[in-house]
Amino acid sequence: MTAQGKGRRLDTPDAARRVEILHALERKLLWLSAWMIHHANHIRPNRDGLKVGGHQASCASAVSILAALYFGILRPADRVAVKPHAGPVFHAINYLLGRQQRERLETLRQFRGIQPYPSRTKDGAEVDFSTGSVGLGVALASFGSLVQDYVHLHGFAPEGLPQGRHVAVVGDAELDEGNIYEALLEGWKHDIRNVWWVVDYNRQSLDSVVPDRLFGRIEGLFRDMGWNVVTLKYGRRLEAAFARPGGEALRRWIDDCPNSLYAALTFQGGAAWRQALLADLGRSEGIRAIIDPLTDDELAALMTNLGGHDIETLIEAFRAQDAEGDQPTCFIAYTIKGMGLPFAGHKDNHAGLMTKEQMAGFRQSLGIREGHEWDPFEGLGIPEQELRDFLASVPFAQPLTPGGRALSAPAIHVPAAFAPPRVGEGRRIATQAAFGDILAEIGRGQGEFAELAKRIVTTSPDVTVSTNLGPWVNRRGIFDRHKKNDVFRDAKLASAQRWGMSPEGQHIELGIAEQNLFLVLAGLGLADRLYGARLLPVGTVYDPFVNRGLDALIYACYQDARFLLVSTPSGLTLAPEGGQHQSVNTPLIGMAADRLASFEPAHADELAILLRHAFAHMQAPDGSAVWLRLSTRALEQPQRTLDPAAVIAGAHWVVPPAAGARIAIAYQGAIAPEAMEAFSELRAEEPGAGLLAITSPDRLHADWLAARRSVRGGVRATSHIERILAPLARDAALVTVLDGHPAAHAWMGAVRGQRVVPLGVDRFGQAGDIPDLYREYGLDAEAILDACAEALLG
């Protein structure tokens with residue numbers, strides 16, 4: 001449908017003036033976004049000769065949508081994801097609202113300048129959701145609404161802070177991304193509310209014009225997911241033309257016009273429009289009366305008067321839907337890529353830039369004097385004070401809190417220590433099981449764990465039980481906006497799991513879509529800054545399937561979301577599960593990912609230390625998200641006292657080496673028994689050898705790099721791994737082993753110039769039992785001893 005004539009009237013004298021001001025600000029946004037990109041490419045010195053780039057055409061198609069939202073519709077509590085390529089428009093909006101400095105606009109795409117795509121961590125608090133990775137910001141806006149519901153239903157929201165709407169301004173090509181549809185389905189299952197997606201439907205992607213029939217399918221999908229769909233195809237001038245004699249024939253002609261032809265005619269201009277219309281409709285009654293009185297420029301303006309470029313149409317549609325309630329809504333706003341610019345409609349305009357001559361002509365057409373390009377109200381023809389008063393009065397300009405849009409929340413107390421599960425002599429336990437036991441104990445909410453237990457929220461993509469979250473869920477319940485009984489429990493059918501759902505639950509159950517897991521974790525991990533409530537999110541997933549959601553995991557970390565990821569089970573230690581359920585590269589991902597501290601404990605006592613550290617580190621100003629890679633292999637638990645600082649730093653000696661020792665064995669994770677067996681035999685020949693437990697190659701490596709960069713007064717800091725390896729002889733050998741890629745340890749040879757023989761898994765596994773697989777892939781005690789012999793001989 002085409003939304004027309006609903007909501008507050010826009011035809012009163014006061015409203016008409018407001019519309020006039022909106023049109024003026026719309027022109028200013030078009031100018032500033034284009035000028036920002038032009039300045040970065042043609043005026044600012046280019047020292048390396050590389051293309052700077054920008055998306056003037058993509059900005060132009062979204063200008064009216066963003067002007068209508070920010071200057072007419074959005075409220076202070078609303079949270080917005082702006083399509084990536086409209087970043088300069090977003091920066092221009094904040095400039096006009098007084099939330100961005102003119103000097104900063106000149107730094108677009110410059111080192112330490114404003115980012116090409118809106119970034120929470122680099123552009124500041126005005127950015128709600130980073131949107132550089134196409135499609136992910138759209139989905140995160142939806143899951144943000146779910147997180148906001150969680151915060152309010154649990155009573156965590158600051159007093160007086162209202163709930164806001166979550167709005168995503170979406171490039172139509174973003175709807176090619178598969179994660180969009182995973183998020184839509186998950187959103188339907190969780191009955192998300194107060195979500196708008198506004199699709200900038202310019203029908204162009206980077207390479208070409210979008211096929212004509214595609215969007216009909218997409219619109220149907222939204223409706224099937226319970227969304228309201230509002231199509232804004234035509235603006236007021238075209239609607240008025242359609243109401244005249246012959247107007248229906250004109251409407252049918254445009255409706256039937258292929259996207260590619262429409263784009264080409266837009267680029268060619270009024271004369272081409274006239275020729276095409278007369279060729280097809282010249283004999284239709286009333287058509288000539290509509291088009292003959294118009295100049296070529298006027299005809300071009302009429303034929304490109306689409307809904308997504310008509311401020312009045314947009315505002316009326318948004319207001320009408322606002323009055324309808326909280327149903328999620330998709331607005332399909334027809335637009336033209338490059339609208340108002342010389343290359344409007346051209347299929348190659350995605351990364352196109354106006355020439356200096358074109359920009360000079362554009363500046364003249366807007367009445368902007370040379371040297372006044374950055375002036376916020378230059379060339380608008382409306383008194384500056386009136387414009388300033390208007391901007392100060394728009395709802396979004398009002399402060400969300402006295403401190404602005406950047407919220408915060410106090411840290412949740414974390415007890416000084418977590419006790420590992422009690423393990424009797426000879427009893428074995430896996431780190432995955434130990435994780436479940438510790439979390440379940442926290443879930444009792446006793447004593448100093450009471451507040452911590454309230455703030456933990458868990459989530460998992462349909463592997464809740466198989467990753468040992470079941471006991472926690474039994475204690476804390478599943479979150480749902482509506483109360484739903486556990487049918488099996490009501491029917492008195494035996495089940496170990498209590499699957500009742502309510503607004504008080506603390507576990508968010510997801511379908512099998514790992515991208516959704518990481519997007520939900522991102523939303524939960526930003527709750528303190530977006531909704532003023534501290535949450536401590538924990539997400540579990542099978543370790544190999546981190547790769548399936550890796551884009552979303554990196555995206556979540558990029559915006560500094562704080563959460564605990566528990567990936568389990570890991571490696572080929574799964575044995576009978578086969579190669580596709582085994583993981584090889586995840587330790588390397590943990591080392592390479594920014595804002596993510598990665599650990600792999602072998603024993604429950606190490607896990608208890610790291611789990612406690614995770615909940616504290618997630619809340620620290622200089623903290624980050626945390627990743628624990630766990631195993632289902634049950635190991636006998638040593639009776640010992642550990643140094644928590646060493647475990648957190650990444651390594652501790654199980655058996656310290658003698659001074660000047662020639663060799664040490666270092667193990668990580670579930671391979672501990674094989675390393676210990678090999679070490680027992682090695683000690684017969686090398687009594688001074690050491691046995692090292694590596695809990696985090698990521699922390700060791702990061703600390704080593706930081707120490708190398710830290711030089712004060714000519715003295716470099718010493719890293720933990722340097723201190724750990726210091727007792728060994730300079731020419732000593734290290735034999736390292738983990739159930740993962742050996743490169744995770746190979747770098748340690750560079751620390752002190754010692755020889756490293758790294759053992760691990762560098763190819764796909766297969767089904768089997770642990771003895772067969774460890775033997776085949778060189779992880780058993782015999783392989784470790786062979787590596788020791790090689791190292792000593794070398």
# chains A, B, ... in the order shown; residues from 1 in each chain; ligands from 1

$ select_by_dssp --residues "range 460-565 of chain A" --states "alpha helix (DSSP H)" --output "NGL selection string"
:A and (470-476 or 487-490 or 514-525 or 527-531 or 550-558)

$ write_last_selection --atoms "N, CA and C atoms" --output "JSON list (two decimals), in the first residue's frame"
[["chain", "number", "residue", "atom", "x", "y", "z"],
["A", 470, "GLY", "N", 21.94, -26.58, 31.15],
["A", 470, "GLY", "CA", 20.68, -27.07, 31.67],
["A", 470, "GLY", "C", 20.44, -26.79, 33.14],
["A", 471, "PRO", "N", 21.40, -27.08, 34.04],
["A", 471, "PRO", "CA", 21.17, -26.81, 35.47],
["A", 471, "PRO", "C", 20.92, -25.32, 35.76],
["A", 472, "TRP", "N", 21.64, -24.44, 35.08],
["A", 472, "TRP", "CA", 21.39, -23.00, 35.25],
["A", 472, "TRP", "C", 19.97, -22.66, 34.83],
["A", 473, "VAL", "N", 19.54, -23.15, 33.68],
["A", 473, "VAL", "CA", 18.20, -22.85, 33.19],
["A", 473, "VAL", "C", 17.13, -23.39, 34.14],
["A", 474, "ASN", "N", 17.35, -24.58, 34.68],
["A", 474, "ASN", "CA", 16.40, -25.14, 35.64],
["A", 474, "ASN", "C", 16.21, -24.22, 36.84],
["A", 475, "ARG", "N", 17.30, -23.54, 37.22],
["A", 475, "ARG", "CA", 17.21, -22.65, 38.39],
["A", 475, "ARG", "C", 16.65, -21.27, 38.02],
["A", 476, "ARG", "N", 17.02, -20.76, 36.86],
["A", 476, "ARG", "CA", 16.72, -19.35, 36.56],
["A", 476, "ARG", "C", 15.62, -19.17, 35.53],
["A", 487, "VAL", "N", 4.90, -27.83, 29.13],
["A", 487, "VAL", "CA", 3.83, -28.80, 28.90],
["A", 487, "VAL", "C", 4.19, -30.15, 29.50],
["A", 488, "PHE", "N", 5.43, -30.57, 29.34],
["A", 488, "PHE", "CA", 5.85, -31.87, 29.88],
["A", 488, "PHE", "C", 5.72, -31.88, 31.40],
["A", 489, "ARG", "N", 6.12, -30.78, 32.03],
["A", 489, "ARG", "CA", 6.04, -30.72, 33.49],
["A", 489, "ARG", "C", 4.59, -30.73, 33.94],
["A", 490, "ASP", "N", 3.73, -29.98, 33.25],
["A", 490, "ASP", "CA", 2.31, -29.94, 33.61],
["A", 490, "ASP", "C", 1.66, -31.30, 33.48],
["A", 514, "GLU", "N", 24.08, -19.29, 14.33],
["A", 514, "GLU", "CA", 25.15, -18.72, 15.15],
["A", 514, "GLU", "C", 25.31, -17.21, 14.98],
["A", 515, "GLN", "N", 24.95, -16.69, 13.81],
["A", 515, "GLN", "CA", 25.01, -15.23, 13.66],
["A", 515, "GLN", "C", 24.06, -14.57, 14.66],
["A", 516, "ASN", "N", 22.87, -15.15, 14.83],
["A", 516, "ASN", "CA", 21.94, -14.59, 15.81],
["A", 516, "ASN", "C", 22.51, -14.64, 17.22],
["A", 517, "LEU", "N", 23.21, -15.72, 17.55],
["A", 517, "LEU", "CA", 23.81, -15.83, 18.87],
["A", 517, "LEU", "C", 24.71, -14.63, 19.14],
["A", 518, "PHE", "N", 25.61, -14.34, 18.22],
["A", 518, "PHE", "CA", 26.57, -13.27, 18.46],
["A", 518, "PHE", "C", 25.92, -11.89, 18.40],
["A", 519, "LEU", "N", 24.86, -11.74, 17.62],
["A", 519, "LEU", "CA", 24.15, -10.47, 17.59],
["A", 519, "LEU", "C", 23.37, -10.25, 18.89],
["A", 520, "VAL", "N", 22.76, -11.31, 19.41],
["A", 520, "VAL", "CA", 22.09, -11.19, 20.71],
["A", 520, "VAL", "C", 23.11, -10.89, 21.80],
["A", 521, "LEU", "N", 24.26, -11.58, 21.78],
["A", 521, "LEU", "CA", 25.30, -11.27, 22.75],
["A", 521, "LEU", "C", 25.77, -9.83, 22.63],
["A", 522, "ALA", "N", 25.85, -9.32, 21.40],
["A", 522, "ALA", "CA", 26.24, -7.92, 21.20],
["A", 522, "ALA", "C", 25.23, -6.99, 21.85],
["A", 523, "GLY", "N", 23.93, -7.25, 21.60],
["A", 523, "GLY", "CA", 22.91, -6.41, 22.21],
["A", 523, "GLY", "C", 22.93, -6.47, 23.72],
["A", 524, "LEU", "N", 23.03, -7.68, 24.28],
["A", 524, "LEU", "CA", 23.09, -7.83, 25.73],
["A", 524, "LEU", "C", 24.34, -7.17, 26.30],
["A", 525, "GLY", "N", 25.43, -7.28, 25.56],
["A", 525, "GLY", "CA", 26.71, -6.74, 26.02],
["A", 525, "GLY", "C", 26.83, -5.24, 25.88],
["A", 527, "ALA", "N", 24.03, -3.37, 26.85],
["A", 527, "ALA", "CA", 22.86, -2.93, 27.60],
["A", 527, "ALA", "C", 23.18, -1.78, 28.55],
["A", 528, "ASP", "N", 24.37, -1.78, 29.13],
["A", 528, "ASP", "CA", 24.71, -0.70, 30.06],
["A", 528, "ASP", "C", 24.79, 0.64, 29.34],
["A", 529, "ARG", "N", 25.30, 0.65, 28.11],
["A", 529, "ARG", "CA", 25.49, 1.90, 27.38],
["A", 529, "ARG", "C", 24.26, 2.31, 26.57],
["A", 530, "LEU", "N", 23.41, 1.34, 26.21],
["A", 530, "LEU", "CA", 22.21, 1.67, 25.44],
["A", 530, "LEU", "C", 20.97, 1.83, 26.32],
["A", 531, "TYR", "N", 20.90, 1.05, 27.41],
["A", 531, "TYR", "CA", 19.68, 1.03, 28.22],
["A", 531, "TYR", "C", 19.94, 1.30, 29.70],
["A", 550, "LEU", "N", 31.22, -16.13, 12.62],
["A", 550, "LEU", "CA", 32.43, -15.34, 12.88],
["A", 550, "LEU", "C", 32.26, -13.86, 12.51],
["A", 551, "ASP", "N", 31.60, -13.58, 11.40],
["A", 551, "ASP", "CA", 31.40, -12.19, 11.00],
["A", 551, "ASP", "C", 30.68, -11.42, 12.10],
["A", 552, "ALA", "N", 29.63, -12.03, 12.66],
["A", 552, "ALA", "CA", 28.87, -11.36, 13.72],
["A", 552, "ALA", "C", 29.67, -11.28, 15.02],
["A", 553, "LEU", "N", 30.52, -12.28, 15.30],
["A", 553, "LEU", "CA", 31.37, -12.22, 16.49],
["A", 553, "LEU", "C", 32.35, -11.05, 16.39],
["A", 554, "ILE", "N", 33.01, -10.92, 15.26],
["A", 554, "ILE", "CA", 33.94, -9.81, 15.05],
["A", 554, "ILE", "C", 33.21, -8.48, 15.14],
["A", 555, "TYR", "N", 32.02, -8.44, 14.56],
["A", 555, "TYR", "CA", 31.20, -7.22, 14.60],
["A", 555, "TYR", "C", 30.84, -6.85, 16.04],
["A", 556, "ALA", "N", 30.46, -7.84, 16.84],
["A", 556, "ALA", "CA", 30.11, -7.59, 18.24],
["A", 556, "ALA", "C", 31.31, -7.02, 18.99],
["A", 557, "CYS", "N", 32.48, -7.59, 18.75],
["A", 557, "CYS", "CA", 33.69, -7.11, 19.43],
["A", 557, "CYS", "C", 34.08, -5.73, 18.93],
["A", 558, "TYR", "N", 33.86, -5.45, 17.65],
["A", 558, "TYR", "CA", 34.22, -4.15, 17.07],
["A", 558, "TYR", "C", 33.52, -3.01, 17.80]]

$ select_by_dssp --residues "range 277-392 of chain A" --states "strand (DSSP E)" --output "list of chain:residue names"
A:Thr329, A:Cys330, A:Phe331, A:Ile332, A:Ala333, A:Tyr334

$ residues_around --residues "Arg595 in chain A" --least-positions-apart "6" --cutoff "7 Å" --atoms "only C-alpha atoms" --output "mmCIF file with N, CA and C atoms, in the first residue's frame"
data_model
loop_
_atom_site.group_PDB
_atom_site.id
_atom_site.type_symbol
_atom_site.label_atom_id
_atom_site.label_comp_id
_atom_site.auth_asym_id
_atom_site.auth_seq_id
_atom_site.Cartn_x
_atom_site.Cartn_y
_atom_site.Cartn_z
ATOM 1 N N CYS A 557 32.480 -7.592 18.755
ATOM 2 C CA CYS A 557 33.693 -7.114 19.428
ATOM 3 C C CYS A 557 34.084 -5.727 18.931
ATOM 4 N N ASP A 560 32.700 -3.117 20.900
ATOM 5 C CA ASP A 560 33.061 -3.237 22.305
ATOM 6 C C ASP A 560 31.924 -3.775 23.158
ATOM 7 N N SER A 624 37.115 -6.369 28.025
ATOM 8 C CA SER A 624 36.662 -6.795 26.705
ATOM 9 C C SER A 624 35.733 -7.979 26.875
ATOM 10 N N ALA A 625 35.260 -8.507 25.766
ATOM 11 C CA ALA A 625 34.583 -9.794 25.788
ATOM 12 C C ALA A 625 35.601 -10.887 26.096
#

$ residues_around --residues "range 747-762 of chain A" --least-positions-apart "5" --cutoff "7 Å" --atoms "only C-alpha atoms" --output "JSON, numbers by chain"
{"A": [584, 722, 730, 731, 732, 733, 734, 735, 736, 737, 738, 739, 740, 741, 742, 777, 778, 779, 787, 791]}

$ write_last_selection --atoms "N, CA and C atoms" --output "mmCIF file, in the first residue's frame"
data_model
loop_
_atom_site.group_PDB
_atom_site.id
_atom_site.type_symbol
_atom_site.label_atom_id
_atom_site.label_comp_id
_atom_site.auth_asym_id
_atom_site.auth_seq_id
_atom_site.Cartn_x
_atom_site.Cartn_y
_atom_site.Cartn_z
ATOM 1 N N VAL A 584 39.689 -26.857 14.287
ATOM 2 C CA VAL A 584 41.136 -26.759 14.109
ATOM 3 C C VAL A 584 41.614 -25.331 14.354
ATOM 4 N N GLU A 722 58.033 -14.075 28.800
ATOM 5 C CA GLU A 722 59.482 -13.944 28.973
ATOM 6 C C GLU A 722 59.899 -14.382 30.376
ATOM 7 N N ARG A 730 69.194 -20.620 27.196
ATOM 8 C CA ARG A 730 68.951 -19.830 25.990
ATOM 9 C C ARG A 730 68.743 -20.717 24.759
ATOM 10 N N ASP A 731 69.427 -21.863 24.733
ATOM 11 C CA ASP A 731 69.292 -22.759 23.587
ATOM 12 C C ASP A 731 68.363 -23.934 23.907
ATOM 13 N N ALA A 732 67.512 -23.758 24.910
ATOM 14 C CA ALA A 732 66.598 -24.840 25.292
ATOM 15 C C ALA A 732 65.527 -25.038 24.222
ATOM 16 N N ALA A 733 64.892 -26.196 24.311
ATOM 17 C CA ALA A 733 63.832 -26.538 23.360
ATOM 18 C C ALA A 733 62.481 -26.556 24.083
ATOM 19 N N LEU A 734 61.454 -26.175 23.335
ATOM 20 C CA LEU A 734 60.074 -26.251 23.809
ATOM 21 C C LEU A 734 59.309 -27.193 22.891
ATOM 22 N N VAL A 735 58.658 -28.182 23.457
ATOM 23 C CA VAL A 735 57.737 -29.019 22.698
ATOM 24 C C VAL A 735 56.340 -28.640 23.171
ATOM 25 N N THR A 736 55.542 -28.097 22.266
ATOM 26 C CA THR A 736 54.204 -27.614 22.629
ATOM 27 C C THR A 736 53.153 -28.482 21.969
ATOM 28 N N VAL A 737 51.995 -28.601 22.609
ATOM 29 C CA VAL A 737 50.949 -29.458 22.074
ATOM 30 C C VAL A 737 49.583 -28.926 22.495
ATOM 31 N N LEU A 738 48.656 -28.907 21.545
ATOM 32 C CA LEU A 738 47.266 -28.537 21.809
ATOM 33 C C LEU A 738 46.370 -29.219 20.795
ATOM 34 N N ASP A 739 45.097 -29.314 21.113
ATOM 35 C CA ASP A 739 44.112 -29.854 20.175
ATOM 36 C C ASP A 739 43.580 -28.696 19.341
ATOM 37 N N GLY A 740 44.440 -28.203 18.480
ATOM 38 C CA GLY A 740 44.142 -27.059 17.633
ATOM 39 C C GLY A 740 45.348 -26.803 16.757
ATOM 40 N N HIS A 741 45.324 -25.724 16.018
ATOM 41 C CA HIS A 741 46.416 -25.463 15.077
ATOM 42 C C HIS A 741 47.719 -25.165 15.812
ATOM 43 N N PRO A 742 48.824 -25.833 15.404
ATOM 44 C CA PRO A 742 50.101 -25.645 16.131
ATOM 45 C C PRO A 742 50.656 -24.235 16.044
ATOM 46 N N TYR A 777 47.028 -38.078 14.585
ATOM 47 C CA TYR A 777 47.313 -36.656 14.394
ATOM 48 C C TYR A 777 48.484 -36.169 15.235
ATOM 49 N N GLY A 778 49.217 -37.077 15.833
ATOM 50 C CA GLY A 778 50.455 -36.720 16.518
ATOM 51 C C GLY A 778 50.255 -35.970 17.812
ATOM 52 N N LEU A 779 49.255 -36.382 18.595
ATOM 53 C CA LEU A 779 49.002 -35.734 19.870
ATOM 54 C C LEU A 779 49.218 -36.663 21.054
ATOM 55 N N ALA A 787 58.932 -35.803 19.515
ATOM 56 C CA ALA A 787 59.235 -34.392 19.299
ATOM 57 C C ALA A 787 60.322 -33.915 20.273
ATOM 58 N N ALA A 791 63.847 -32.340 19.242
ATOM 59 C CA ALA A 791 64.246 -31.025 19.737
ATOM 60 C C ALA A 791 65.621 -31.079 20.396
#

$ closest_residue --among "A:Phe143, A:Phe242, A:Glu577, A:Ile332" --to "Val199 in chain A" --atoms "only C-alpha atoms"
A:Ile332

$ residues_around --residues "Thr329 in chain A" --least-positions-apart "6" --cutoff "7 Å" --atoms "only C-alpha atoms" --output "list of chain:residue names"
A:Val195, A:Trp196, A:Trp197, A:Trp227, A:Asn228, A:Val229

$ atom_distance --atom1 "CA of Leu105 in chain A" --atom2 "CA of Ala92 in chain A"
7.8 Å

$ residues_around --residues "Thr304 in chain A" --least-positions-apart "3" --cutoff "8 Å" --atoms "only C-alpha atoms" --output "ChimeraX atom specification"
/A:266,300-301,336

$ closest_residue --among "A:Thr231, A:Asn305, A:Asn41, A:Gln766" --to "Thr573 in chain A" --atoms "only C-alpha atoms"
A:Gln766

$ atom_distance --atom1 "CA of Gln268 in chain A" --atom2 "CA of Gly282 in chain A"
19.6 Å

$ residues_around --residues "range 541-543 of chain A" --least-positions-apart "2" --cutoff "6 Å" --atoms "only C-alpha atoms" --output "PDB file with N, CA and C atoms, in the first residue's frame"
ATOM      1  N   PHE A 545      31.490 -24.293  15.334  1.00  0.00           N
ATOM      2  CA  PHE A 545      30.506 -23.437  14.696  1.00  0.00           C
ATOM      3  C   PHE A 545      30.659 -21.971  15.064  1.00  0.00           C
ATOM      4  N   VAL A 546      31.704 -21.649  15.823  1.00  0.00           N
ATOM      5  CA  VAL A 546      32.084 -20.241  15.944  1.00  0.00           C
ATOM      6  C   VAL A 546      32.342 -19.669  14.555  1.00  0.00           C
ATOM      7  N   SER A 567      32.697 -21.825  24.104  1.00  0.00           N
ATOM      8  CA  SER A 567      32.586 -22.703  22.938  1.00  0.00           C
ATOM      9  C   SER A 567      33.016 -24.104  23.342  1.00  0.00           C
ATOM     10  N   THR A 568      32.110 -25.043  23.173  1.00  0.00           N
ATOM     11  CA  THR A 568      32.362 -26.395  23.657  1.00  0.00           C
ATOM     12  C   THR A 568      31.387 -27.368  23.024  1.00  0.00           C
ATOM     13  N   PRO A 569      31.829 -28.587  22.734  1.00  0.00           N
ATOM     14  CA  PRO A 569      33.176 -29.132  22.885  1.00  0.00           C
ATOM     15  C   PRO A 569      34.072 -28.714  21.724  1.00  0.00           C
ATOM     16  N   SER A 570      35.376 -28.892  21.917  1.00  0.00           N
ATOM     17  CA  SER A 570      36.331 -28.374  20.943  1.00  0.00           C
ATOM     18  C   SER A 570      37.288 -29.456  20.476  1.00  0.00           C
TER      19      SER A 570
END

$ atom_distance --atom1 "CA of Tyr334 in chain A" --atom2 "CA of Lys233 in chain A"
5.0 Å

$ closest_residue --among "A:Arg44, A:Arg612, A:His309, A:Arg283" --to "Gly235 in chain A" --atoms "only C-alpha atoms"
A:His309

$ closest_residue --among "A:Ile254, A:Ala406, A:Ala746, A:Ile438" --to "Leu281 in chain A" --atoms "only C-alpha atoms"
A:Ile254

$ closest_residue --among "A:Asp622, A:Asp643, A:Glu504, A:Asp310" --to "Leu153 in chain A" --atoms "only C-alpha atoms"
A:Glu504

$ decode --residues "range 525-542 of chain A" --atoms "N, CA and C atoms" --output "PDB file, in the first residue's frame"
ATOM      1  N   GLY A 525      25.435  -7.280  25.555  1.00  0.00           N
ATOM      2  CA  GLY A 525      26.706  -6.736  26.021  1.00  0.00           C
ATOM      3  C   GLY A 525      26.832  -5.239  25.881  1.00  0.00           C
ATOM      4  N   LEU A 526      25.840  -4.589  25.270  1.00  0.00           N
ATOM      5  CA  LEU A 526      25.802  -3.126  25.178  1.00  0.00           C
ATOM      6  C   LEU A 526      24.701  -2.538  26.050  1.00  0.00           C
ATOM      7  N   ALA A 527      24.034  -3.374  26.848  1.00  0.00           N
ATOM      8  CA  ALA A 527      22.863  -2.928  27.602  1.00  0.00           C
ATOM      9  C   ALA A 527      23.182  -1.782  28.548  1.00  0.00           C
ATOM     10  N   ASP A 528      24.372  -1.783  29.134  1.00  0.00           N
ATOM     11  CA  ASP A 528      24.709  -0.698  30.059  1.00  0.00           C
ATOM     12  C   ASP A 528      24.790   0.640  29.345  1.00  0.00           C
ATOM     13  N   ARG A 529      25.301   0.653  28.109  1.00  0.00           N
ATOM     14  CA  ARG A 529      25.488   1.900  27.381  1.00  0.00           C
ATOM     15  C   ARG A 529      24.262   2.308  26.574  1.00  0.00           C
ATOM     16  N   LEU A 530      23.408   1.344  26.213  1.00  0.00           N
ATOM     17  CA  LEU A 530      22.207   1.673  25.444  1.00  0.00           C
ATOM     18  C   LEU A 530      20.973   1.828  26.320  1.00  0.00           C
ATOM     19  N   TYR A 531      20.899   1.047  27.411  1.00  0.00           N
ATOM     20  CA  TYR A 531      19.678   1.033  28.217  1.00  0.00           C
ATOM     21  C   TYR A 531      19.940   1.296  29.696  1.00  0.00           C
ATOM     22  N   GLY A 532      21.178   1.610  30.047  1.00  0.00           N
ATOM     23  CA  GLY A 532      21.492   1.996  31.405  1.00  0.00           C
ATOM     24  C   GLY A 532      21.443   0.878  32.419  1.00  0.00           C
ATOM     25  N   ALA A 533      21.531  -0.376  31.986  1.00  0.00           N
ATOM     26  CA  ALA A 533      21.445  -1.523  32.892  1.00  0.00           C
ATOM     27  C   ALA A 533      22.575  -2.494  32.597  1.00  0.00           C
ATOM     28  N   ARG A 534      23.303  -2.882  33.618  1.00  0.00           N
ATOM     29  CA  ARG A 534      24.416  -3.813  33.445  1.00  0.00           C
ATOM     30  C   ARG A 534      23.899  -5.246  33.379  1.00  0.00           C
ATOM     31  N   LEU A 535      24.213  -5.917  32.291  1.00  0.00           N
ATOM     32  CA  LEU A 535      23.944  -7.344  32.157  1.00  0.00           C
ATOM     33  C   LEU A 535      25.277  -8.061  31.968  1.00  0.00           C
ATOM     34  N   LEU A 536      25.310  -9.325  32.365  1.00  0.00           N
ATOM     35  CA  LEU A 536      26.505 -10.148  32.190  1.00  0.00           C
ATOM     36  C   LEU A 536      26.127 -11.326  31.306  1.00  0.00           C
ATOM     37  N   PRO A 537      26.239 -11.156  29.984  1.00  0.00           N
ATOM     38  CA  PRO A 537      25.771 -12.186  29.048  1.00  0.00           C
ATOM     39  C   PRO A 537      26.758 -13.345  28.924  1.00  0.00           C
ATOM     40  N   VAL A 538      26.206 -14.552  28.845  1.00  0.00           N
ATOM     41  CA  VAL A 538      26.992 -15.759  28.614  1.00  0.00           C
ATOM     42  C   VAL A 538      26.346 -16.519  27.471  1.00  0.00           C
ATOM     43  N   GLY A 539      27.103 -16.780  26.421  1.00  0.00           N
ATOM     44  CA  GLY A 539      26.582 -17.524  25.283  1.00  0.00           C
ATOM     45  C   GLY A 539      27.382 -18.792  25.055  1.00  0.00           C
ATOM     46  N   THR A 540      26.687 -19.899  24.822  1.00  0.00           N
ATOM     47  CA  THR A 540      27.388 -21.160  24.551  1.00  0.00           C
ATOM     48  C   THR A 540      27.102 -21.619  23.129  1.00  0.00           C
ATOM     49  N   VAL A 541      28.102 -22.260  22.531  1.00  0.00           N
ATOM     50  CA  VAL A 541      27.987 -22.725  21.153  1.00  0.00           C
ATOM     51  C   VAL A 541      29.014 -23.836  20.954  1.00  0.00           C
ATOM     52  N   TYR A 542      28.763 -24.736  20.015  1.00  0.00           N
ATOM     53  CA  TYR A 542      29.777 -25.732  19.682  1.00  0.00           C
ATOM     54  C   TYR A 542      30.985 -25.013  19.078  1.00  0.00           C
TER      55      TYR A 542
END
